[in-house]
Amino acid sequence: MPLHYLKRTFISPVLEFIHDSRAIGITILACSLFSLILTNSPAGNTFLSMLNTETHLADWLPHSLLHWINDGLMAVFFLLAGMEIKRELLQGELSTVKKAALPAMGALGGMIVPAGIFYLLNQQTDFTSGWGIPMATDIAFSLGVASLLGKKVPLSLKIFLTALAIIDDLGAIIAIAVFYTSALKIKFLLAAFILFILMAIWAKWKKPFGWWNIVAGILLWILVFNSGIHATIAGVLFAFTVPVNKLVIWENKLHHGVNFIIIPLFVLANTAIIIPSTFIDDIGSTLSAGIMLGLLAGKPLGIYLFCRLAIWLKWGELSGEISQKHLIGLGILASIGFTMSIFISLLAFEQASYQTISKSAVILASVIAILLSVVWFKWGIQERRSASS
């Protein structure tokens, strides 16, 4: 097959797709649907067996393909998230108090209110540890949906959503590190801390960033993995040792691999849910209700109220092209939890049945949030414009 034909027929369309800002959302939805269909087909048991087959390469490494995806590959996802957070804090939309105040307040409300709703519904149950699930926003997915809506979502609103979601990610990372940890192993934790300090000093002294840093990052991941803190936190720690002038370079190197390999693999592995005969009852449980109400009601309400409070206190102001209805729409977009919410579900519960209910609720809530976003931006805001014209 001639090279030019191969490039025109296969390579160019693939490259064009992955450079489209809507592609990540489409990919996540496609992977979720494929995983659900495959798991509930005759091949489902084979697929689940493949994911959970024990490897035991070493006691201090993950023991199955599923664990390698969730503990290993997702550390790279958190590395990219950490670099984005660092860059925004130093140079971007969060680099000054004035710039950060409004999205920070919105993110705070978007975490506190959903967690509060979940806790109120589940305080007398075995599900209380799931309070962190509805706190999360899937930044890639929500921005993908925003891009899908085109000019209906103003550029300044997309920037606001990005800043808010990055702070949201930071909140989720802190929650994972502080609240979703197993018994701590002090020797490994101390060794990880010392290595992190050495890596930070190396960056402070502006030493060359290369293979040594990558080896140190892998060692840091091994130490954190064995310390009792979730291994993905190593990705965030590593990110904060990346020199400022290397952030964009490494973000670009990791961006497509994370969005089109790691996240799809995570989604394929973690939406492999066998739909039980009790599905309707499960969706009606307080666990499911807490997640869905937290995401679909708590997120928009918390973001809107806390942003209004910040504006009233004169801590920040909205861009001229962002209306009150745009702000509500922002909250609906932010209620797409998906990747991070599913990830926290795995940490919140050890029981497979609770994980299944949680993941099902996150998927259903995210799909509803996508549909609500489309309806709101295509028709809700348009009505406002026609009324004022």
# chains A, B, ... in the order shown; residues from 1 in each chain; ligands from 1

$ closest_atom_pairs --of "region 313-371 of chain A" --to "region 250-267 of chain A" --cutoff "12 Å" --atoms "only C-alpha atoms" --output "Markdown table"
| residue | atom | partner | partner_atom | distance |
| --- | --- | --- | --- | --- |
| A:Phe338 | CA | A:Val267 | CA | 8.9 |
| A:Thr339 | CA | A:Val267 | CA | 7.2 |
| A:Met340 | CA | A:Ile263 | CA | 10.3 |
| A:Ser341 | CA | A:Val267 | CA | 11.5 |
| A:Ile342 | CA | A:Val267 | CA | 8.8 |
| A:Phe343 | CA | A:Phe266 | CA | 8.9 |
| A:Leu346 | CA | A:Phe266 | CA | 11.8 |
| A:Lys359 | CA | A:Val267 | CA | 10.6 |
| A:Ile363 | CA | A:Val267 | CA | 10.5 |

$ residues_around --residues "region 205-219 of chain A" --least-positions-apart "2" --cutoff "9 Å" --atoms "only C-alpha atoms" --output "ChimeraX atom specification"
/A:192,195-196,199-203,221-224,234-235,237-238,241-243,246

$ closest_residue --among "A:Val248, A:Leu148, A:Leu287, A:Leu309" --to "Leu108 (chain A)" --atoms "only C-alpha atoms"
A:Leu309

$ atom_distance --atom1 "CA of Ile166 (chain A)" --atom2 "CA of Leu190 (chain A)"
28.2 Å

$ select_by_dssp --residues "region 179-311 of chain A" --states "alpha helix (DSSP H)" --output "ChimeraX atom specification"
/A:179,186-204,211-225,233-239,244-257,263-270,279-283,286-293,299-311

$ residues_around --residues "Ala269 (chain A)" --least-positions-apart "2" --cutoff "12 Å" --atoms "only C-alpha atoms" --output "ChimeraX atom specification"
/A:28,31-36,38-39,44,47-52,64-70,73-74,262-267,271-273,339,342-343,346,359

$ closest_residue --among "A:Gly298, A:Gly130, A:Gly150, A:Gly337" --to "Ala175 (chain A)" --atoms "only C-alpha atoms"
A:Gly130

$ residues_around --residues "Pro154 (chain A)" --least-positions-apart "2" --cutoff "12 Å" --atoms "only C-alpha atoms" --output "list in words"
Leu143, Ala146, Ser147, Leu149, Gly150, Lys151, Lys152, Ser156, Leu157, Lys158, Ile159, Phe160, Leu161, Ser319, Gly320, Glu321, Ile322, Ser323, His326, Leu327, Gly329, Leu330, Phe377 and Ile381 of chain A

$ closest_residue --among "A:Ala101, A:Ala172, A:Leu184, A:Val375" --to "Ile311 (chain A)" --atoms "only C-alpha atoms"
A:Ala101

$ decode --residues "region 131-270 of chain A" --atoms "C-alpha atoms" --output "mmCIF file, in the first residue's frame"
data_model
loop_
_atom_site.group_PDB
_atom_site.id
_atom_site.type_symbol
_atom_site.label_atom_id
_atom_site.label_comp_id
_atom_site.auth_asym_id
_atom_site.auth_seq_id
_atom_site.Cartn_x
_atom_site.Cartn_y
_atom_site.Cartn_z
ATOM 1 C CA TRP A 131 -19.037 11.932 49.950
ATOM 2 C CA GLY A 132 -16.098 12.774 47.658
ATOM 3 C CA ILE A 133 -17.628 11.170 44.553
ATOM 4 C CA PRO A 134 -19.976 14.035 43.502
ATOM 5 C CA MET A 135 -17.306 16.690 44.232
ATOM 6 C CA ALA A 136 -15.374 16.013 41.026
ATOM 7 C CA THR A 137 -15.525 17.605 37.571
ATOM 8 C CA ASP A 138 -14.158 15.863 34.473
ATOM 9 C CA ILE A 139 -12.260 18.762 32.916
ATOM 10 C CA ALA A 140 -11.563 17.084 29.552
ATOM 11 C CA PHE A 141 -15.114 15.805 29.139
ATOM 12 C CA SER A 142 -16.822 19.050 30.205
ATOM 13 C CA LEU A 143 -14.619 21.128 27.895
ATOM 14 C CA GLY A 144 -15.266 18.628 25.095
ATOM 15 C CA VAL A 145 -19.020 19.139 25.489
ATOM 16 C CA ALA A 146 -18.482 22.923 25.651
ATOM 17 C CA SER A 147 -16.558 22.734 22.355
ATOM 18 C CA LEU A 148 -19.324 20.601 20.851
ATOM 19 C CA LEU A 149 -21.733 23.473 21.579
ATOM 20 C CA GLY A 150 -19.515 25.862 19.610
ATOM 21 C CA LYS A 151 -20.326 29.582 19.855
ATOM 22 C CA LYS A 152 -23.207 28.892 22.234
ATOM 23 C CA VAL A 153 -20.514 28.745 24.939
ATOM 24 C CA PRO A 154 -18.486 32.014 24.936
ATOM 25 C CA LEU A 155 -14.693 31.721 24.994
ATOM 26 C CA SER A 156 -14.518 33.550 28.348
ATOM 27 C CA LEU A 157 -16.898 30.944 29.832
ATOM 28 C CA LYS A 158 -14.655 28.115 28.585
ATOM 29 C CA ILE A 159 -11.660 29.823 30.218
ATOM 30 C CA PHE A 160 -13.653 30.230 33.439
ATOM 31 C CA LEU A 161 -14.682 26.549 33.294
ATOM 32 C CA THR A 162 -11.050 25.507 32.789
ATOM 33 C CA ALA A 163 -9.857 27.520 35.791
ATOM 34 C CA LEU A 164 -12.721 26.256 37.966
ATOM 35 C CA ALA A 165 -12.169 22.623 36.933
ATOM 36 C CA ILE A 166 -8.428 22.865 37.651
ATOM 37 C CA ILE A 167 -9.130 24.071 41.197
ATOM 38 C CA ASP A 168 -11.737 21.314 41.443
ATOM 39 C CA ASP A 169 -9.048 18.793 40.443
ATOM 40 C CA LEU A 170 -6.777 20.190 43.137
ATOM 41 C CA GLY A 171 -9.560 19.739 45.699
ATOM 42 C CA ALA A 172 -10.104 16.148 44.576
ATOM 43 C CA ILE A 173 -6.368 15.444 44.792
ATOM 44 C CA ILE A 174 -6.250 16.799 48.354
ATOM 45 C CA ALA A 175 -9.305 14.715 49.294
ATOM 46 C CA ILE A 176 -7.679 11.575 47.867
ATOM 47 C CA ALA A 177 -4.383 12.248 49.668
ATOM 48 C CA VAL A 178 -5.942 13.101 53.035
ATOM 49 C CA PHE A 179 -9.153 11.070 53.292
ATOM 50 C CA TYR A 180 -8.878 8.154 50.866
ATOM 51 C CA THR A 181 -5.721 6.477 52.110
ATOM 52 C CA SER A 182 -5.108 3.083 53.677
ATOM 53 C CA ALA A 183 -2.911 2.455 56.732
ATOM 54 C CA LEU A 184 0.239 4.531 56.361
ATOM 55 C CA LYS A 185 3.651 2.866 56.171
ATOM 56 C CA ILE A 186 5.960 5.463 57.652
ATOM 57 C CA LYS A 187 9.249 4.155 56.175
ATOM 58 C CA PHE A 188 7.965 4.342 52.602
ATOM 59 C CA LEU A 189 6.240 7.669 53.270
ATOM 60 C CA LEU A 190 9.436 9.171 54.713
ATOM 61 C CA ALA A 191 11.534 7.859 51.814
ATOM 62 C CA ALA A 192 9.026 9.322 49.306
ATOM 63 C CA PHE A 193 9.124 12.677 51.115
ATOM 64 C CA ILE A 194 12.945 12.788 51.082
ATOM 65 C CA LEU A 195 13.059 11.902 47.384
ATOM 66 C CA PHE A 196 10.443 14.555 46.583
ATOM 67 C CA ILE A 197 12.499 17.193 48.458
ATOM 68 C CA LEU A 198 15.634 16.199 46.512
ATOM 69 C CA MET A 199 13.727 16.446 43.225
ATOM 70 C CA ALA A 200 12.369 19.859 44.241
ATOM 71 C CA ILE A 201 15.886 21.079 45.154
ATOM 72 C CA TRP A 202 17.186 19.817 41.802
ATOM 73 C CA ALA A 203 14.481 21.879 40.056
ATOM 74 C CA LYS A 204 15.177 24.912 42.287
ATOM 75 C CA TRP A 205 18.838 24.821 41.313
ATOM 76 C CA LYS A 206 17.719 24.821 37.660
ATOM 77 C CA LYS A 207 19.555 21.621 36.860
ATOM 78 C CA PRO A 208 18.826 19.946 33.495
ATOM 79 C CA PHE A 209 15.509 18.087 33.402
ATOM 80 C CA GLY A 210 15.949 14.710 31.718
ATOM 81 C CA TRP A 211 16.262 10.960 32.178
ATOM 82 C CA TRP A 212 17.339 11.284 35.862
ATOM 83 C CA ASN A 213 14.063 13.033 36.681
ATOM 84 C CA ILE A 214 12.014 10.337 34.954
ATOM 85 C CA VAL A 215 13.852 7.563 36.851
ATOM 86 C CA ALA A 216 13.364 9.509 40.095
ATOM 87 C CA GLY A 217 9.675 9.942 39.230
ATOM 88 C CA ILE A 218 9.241 6.177 38.756
ATOM 89 C CA LEU A 219 10.999 5.515 42.076
ATOM 90 C CA LEU A 220 8.779 8.137 43.732
ATOM 91 C CA TRP A 221 5.703 6.328 42.355
ATOM 92 C CA ILE A 222 6.937 2.975 43.766
ATOM 93 C CA LEU A 223 7.521 4.520 47.201
ATOM 94 C CA VAL A 224 4.140 6.273 47.263
ATOM 95 C CA PHE A 225 2.401 3.101 45.997
ATOM 96 C CA ASN A 226 3.786 1.226 49.003
ATOM 97 C CA SER A 227 3.252 4.032 51.533
ATOM 98 C CA GLY A 228 -0.522 3.743 51.976
ATOM 99 C CA ILE A 229 -1.226 6.983 50.076
ATOM 100 C CA HIS A 230 -2.748 6.345 46.681
ATOM 101 C CA ALA A 231 -0.033 5.914 44.052
ATOM 102 C CA THR A 232 -1.493 8.541 41.717
ATOM 103 C CA ILE A 233 -0.485 11.276 44.183
ATOM 104 C CA ALA A 234 3.107 10.583 43.041
ATOM 105 C CA GLY A 235 2.127 12.014 39.646
ATOM 106 C CA VAL A 236 1.083 15.289 41.251
ATOM 107 C CA LEU A 237 4.239 15.472 43.368
ATOM 108 C CA PHE A 238 6.391 14.808 40.310
ATOM 109 C CA ALA A 239 4.502 17.536 38.409
ATOM 110 C CA PHE A 240 5.464 20.136 40.996
ATOM 111 C CA THR A 241 9.167 19.378 40.428
ATOM 112 C CA VAL A 242 8.941 20.028 36.677
ATOM 113 C CA PRO A 243 10.655 23.365 35.853
ATOM 114 C CA VAL A 244 8.315 26.140 34.713
ATOM 115 C CA ASN A 245 10.008 26.385 31.319
ATOM 116 C CA LYS A 246 9.399 22.666 30.728
ATOM 117 C CA LEU A 247 5.709 22.568 31.686
ATOM 118 C CA VAL A 248 4.224 23.321 28.269
ATOM 119 C CA ILE A 249 6.725 21.004 26.555
ATOM 120 C CA TRP A 250 5.837 18.053 28.785
ATOM 121 C CA GLU A 251 2.124 18.826 28.726
ATOM 122 C CA ASN A 252 2.239 18.658 24.930
ATOM 123 C CA LYS A 253 4.184 15.392 25.066
ATOM 124 C CA LEU A 254 1.664 13.774 27.407
ATOM 125 C CA HIS A 255 -1.586 15.376 26.258
ATOM 126 C CA HIS A 256 -2.612 13.022 23.447
ATOM 127 C CA GLY A 257 -1.279 9.913 25.175
ATOM 128 C CA VAL A 258 -3.261 10.668 28.332
ATOM 129 C CA ASN A 259 -6.463 11.701 26.533
ATOM 130 C CA PHE A 260 -6.501 9.017 23.858
ATOM 131 C CA ILE A 261 -4.752 6.060 25.508
ATOM 132 C CA ILE A 262 -4.779 6.323 29.310
ATOM 133 C CA ILE A 263 -8.259 7.795 29.863
ATOM 134 C CA PRO A 264 -9.913 5.432 27.315
ATOM 135 C CA LEU A 265 -8.169 2.436 28.957
ATOM 136 C CA PHE A 266 -9.335 3.654 32.386
ATOM 137 C CA VAL A 267 -12.891 4.057 31.102
ATOM 138 C CA LEU A 268 -12.875 0.654 29.362
ATOM 139 C CA ALA A 269 -11.634 -1.045 32.543
ATOM 140 C CA ASN A 270 -13.812 0.772 35.040
#
